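I have placed the structure first, in the form of structure tokens, so that the comments after it can refer back to it.
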Amino acid sequence: MNLVLAILYAPEGQKPLSIARIRDRGMLSAAAERAIAETESHASSLLSDDPVLASLQFEEANRLRRVLRALLPTVRRPDAIVM
């Protein structure tokens with residue numbers, strides 16, 4: 001499987017420009033873990049103001065984890081899903 005992490009420069013109102021491509025599995029796994037953590041953190045920050053939106057965001061984090069684990073088996077399984 002050919003997975004690539006692309007770093008894009010996206011000027012306001014213009015088409016994004018690819019400036020780097022990373023194929024290192026360790027870096028791909030680290031980026032995947034970070035994306036999941038940021039999605040979970042965002043969901044946690046919504047809990048007190050909007051529990052419904054927080055629930056939807058937690059589901060998005062779960063979906064993201066499932067997709068990334070299918071592509072990168074090194075992505076960790078959650079210890080427990082907080083909601």
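Chain lettering (A, B, ...) mirrors the order of the structure tokens, residue numbering begins at 1 for each chain separately, and ligand numbering begins at 1 in order of display.
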
Item to check | Secondary structure check, helix (DSSP H, G or I) residues of chain A, as JSON, numbers by chain | outcome: {"A": [25, 26, 27, 28, 29, 30, 31, 32, 33, 34, 35, 36, 37, 38, 39, 40, 41, 42, 43, 44, 45, 46, 51, 52, 53, 54, 55, 56, 57, 58, 59, 60, 61, 62, 63, 64, 65, 66, 67, 68, 69, 70, 71]}

Can you tell me which residues surround Thr39 (chain A) at a distance of at most 9 Å, considering only C-alpha atoms, apart from same-chain residues fewer than 5 positions away, and format the answer as a compact mmCIF listing (two decimals) with N, CA and C atoms, in the first residue's frame?
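Listing of part-v6.txt after writing:
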```txt
# COMPACT_ATOMS: atom_id res chain seq x y z
N ARG A 34 -1.71 11.99 16.12
CA ARG A 34 -1.93 13.40 16.44
C ARG A 34 -3.31 13.86 15.95
N SER A 44 -13.80 16.90 23.53
CA SER A 44 -13.81 17.13 24.98
C SER A 44 -14.11 18.58 25.31
N GLN A 57 -18.66 14.71 17.55
CA GLN A 57 -17.22 14.85 17.34
C GLN A 57 -16.48 13.61 17.84
N PHE A 58 -16.94 13.01 18.96
CA PHE A 58 -16.34 11.76 19.42
C PHE A 58 -16.55 10.65 18.39
N GLU A 60 -16.77 11.11 15.23
CA GLU A 60 -15.82 11.43 14.16
C GLU A 60 -14.42 10.93 14.52
N ALA A 61 -14.02 11.08 15.77
CA ALA A 61 -12.72 10.59 16.22
C ALA A 61 -12.66 9.06 16.09
N LEU A 64 -12.35 8.22 12.41
CA LEU A 64 -10.99 8.53 11.98
C LEU A 64 -10.03 7.44 12.44
```

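In this structure, CA of Val75 (chain A) sits 14.0 Å away from CA of Asp24 (chain A).
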
Next on the checklist: Taking only C-alpha atoms into account, name the residue in A:Ser45, A:Ala32, A:Glu40, A:Thr74 that is nearest to Glu59 (chain A).
Outcome noted: A:Glu40

Checklist entry - Contacts of Ala20 (chain A) at 12 Å or less, counting only C-alpha atoms, minus same-chain residues fewer than 5 places along, as a PyMOL selection string? => result chain A and resi 4-9

For the residues selected in the previous step, produce a file with C-alpha atoms as a tab-separated table (two decimals), in the first residue's frame.
```tsv
chain	number	residue	atom	x	y	z
A	4	VAL	CA	1.81	9.46	1.62
A	5	LEU	CA	1.47	12.41	3.98
A	6	ALA	CA	1.35	15.60	1.93
A	7	ILE	CA	2.22	19.01	3.31
A	8	LEU	CA	0.28	21.66	1.44
A	9	TYR	CA	0.57	25.41	1.21
```
